[in-house]
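A.B. asks: What follows is a structure written as structure tokens; I'll ask about it next.
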Amino acid sequence: MNLFKRIAVIAIAAILVLTLAACTSPAEPEEQESSSDQPEVVTIKVGATALPHAEILNFIKPELEKEGIDLDVQEFSDWTQLNPTLADKELDANYFQHVPYLETYNEGAGTDLVPIAKVHVEPLGVYSRQIENISDIPEKAVVAIPNDATNGGRALLLLEKAGLITLKEGVGLTATPLDIKDNPKKLDIKELEAASLPRTLDEVDFAVINTNYALPAGLNPKADAIFIEDKDSPYANVLVVRAEDKDNEALKKVAQALNTEEVREFIEEQYGGAVVPAF
């Protein structure tokens with residue numbers, strides 16, 4: 001073989017080696033196989049009020065991360081926006097309300113939002129700066145209650161249970177001050193935004209306050225309320241989704257994570273009876 005033929009053969013062989021090397025990468029299949037073993041991360045956006053809802057959601061985040069769920073907890077200071085935001089698909093779920101409020105909202109807004117997990121009860125309480133016992137409430141005392149339909153009715157039912165007023169028969173949770181049948185102490189009832197009620201305690205004789213607003217104001221329902229709902233209150237706070245998503249597997253995992261023994265212990269230890277597990 002002359003010199004030119006040898007050079008040609010060597011060149012062709014080199015080209016073949018380089019071509020095969022470029023087409024075959026032993027690391028590539030392994031890397032692809034490795035990446036396929038990683039669980040797909042699903043982001044779930046849940047809207048909530050700060051206490052205790054967002055705290056409870058943040059508690060379960062690490063466990064959900066192990067299942068490939070990135071729980072994006074979005075805190076709302078204005079809880080009235082949580083259902084509209086969920087209905088508009090800006091959230092995947094929300095956690096702030098009890099079922100009677102949800103039912104009232106659905107009826108009024110024409111939405112189809114559904115609960116998928118009961119989590120906790122926040123006992124509604126009566127608070128006062130001046131009065132230490134419910135029996136000491138004077139005549140013509142000024143009382144502030146929530147101005148939204150459901151919690152306002154719930155507050156009036158609590159005042160009725162305390163023996164301060166009597167409501168018309170059958171009004172239930174939809175009660176308003178107009179449904180008061182008897183008001184022997186001539187209470188002056190003021191309907192105010194629920195979030196503002198703790199700030200009114202220096203201006204009224206007493207107020208009926210939701211726990212999620214009492215806690216940030218330093219009020220413990222168990223220690224500070226002069227009258228409180230029973231521990232078996234039917235107003236359990238729930239995780240809510242759009243009806244079309246109630247069978248979504250990622251949302252089911254969030255619901256399951258909220259109903260574990262670890263969450264039960266967290267609620268009992270963190271809130272000392274001010275918030276009660278409902279599962």
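Convention: chains lettered A, B, ... in structure tokens order; per-chain residue numbering from 1; ligands numbered from 1 as shown.
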As a PyMOL selection string, please: every residue in range 16-175 of chain A that DSSP puts in alpha helix (DSSP H).

C.D. replies: chain A and resi 16-23+27-36+55-65+82-87+99-109+149-161

A.B. asks: Write out as a list of chain:residue names each polymer residue whose atoms come within 9 Å of range 123-126 of chain A, counting only C-alpha atoms; drop sequence neighbours fewer than 4 positions from it.

C.D. replies: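 Answer for this query is A:Ile134, A:Arg154, A:Ala155, A:Leu158, A:Leu159, A:Phe206, A:Ala207, A:Val208, A:Ile209, A:Asn210, A:Thr211, A:Ala214, A:Pro221, A:Lys222, A:Asp224, A:Ala225, A:Ile226, A:Phe227, A:Ile228, A:Glu229, A:Asp230, A:Lys231, A:Ser233, A:Tyr235, A:Ala274, A:Val275, A:Val276.
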
A.B. asks: Any chance you could list, as a ChimeraX atom specification, the residues in range 42-268 of chain A that come up strand (DSSP E) when DSSP is run on the backbone?

C.D. replies: /A:42-48,69-75,93-98,113-121,125-127,142-146,166-167,180-182,188-192,206-209,227-228,236-242

A.B. asks: Using only C-alpha atoms, which residues sit within 6 Å of Lys45 in chain A once same-chain residues fewer than 3 positions away are excluded, as a list in words?

C.D. replies: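 Residues meeting the cut-off are Asp72, Leu91 and Asp92 of chain A.
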
A.B. asks: Counting only C-alpha atoms, figure out which residue out of A:Val204, A:Ala93, A:Ile137, A:Ala48 gets nearest to Ala117 in chain A.

C.D. replies: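 Among the listed residues, the smallest separation from Ala117 in chain A belongs to A:Ala93.
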
A.B. asks: Within 12 Å of Leu178 in chain A, counting only C-alpha atoms, which residues show up once you throw out same-chain ones fewer than 5 positions away? Write them as an mmCIF file with C-alpha atoms, in the first residue's frame, please.

C.D. replies:
```cif
data_model
loop_
_atom_site.group_PDB
_atom_site.id
_atom_site.type_symbol
_atom_site.label_atom_id
_atom_site.label_comp_id
_atom_site.auth_asym_id
_atom_site.auth_seq_id
_atom_site.Cartn_x
_atom_site.Cartn_y
_atom_site.Cartn_z
ATOM 1 C CA GLY A 152 -73.531 37.574 62.348
ATOM 2 C CA GLY A 153 -76.227 34.933 62.733
ATOM 3 C CA LEU A 156 -76.719 36.164 67.655
ATOM 4 C CA ILE A 165 -81.690 37.721 73.708
ATOM 5 C CA THR A 166 -84.374 35.519 72.171
ATOM 6 C CA LEU A 167 -84.595 35.046 68.408
ATOM 7 C CA LYS A 168 -87.678 34.376 66.311
ATOM 8 C CA VAL A 171 -84.284 31.794 61.909
ATOM 9 C CA ASN A 183 -84.063 41.888 74.101
ATOM 10 C CA ILE A 189 -76.108 45.759 68.737
ATOM 11 C CA GLU A 191 -72.697 45.173 63.132
#
```
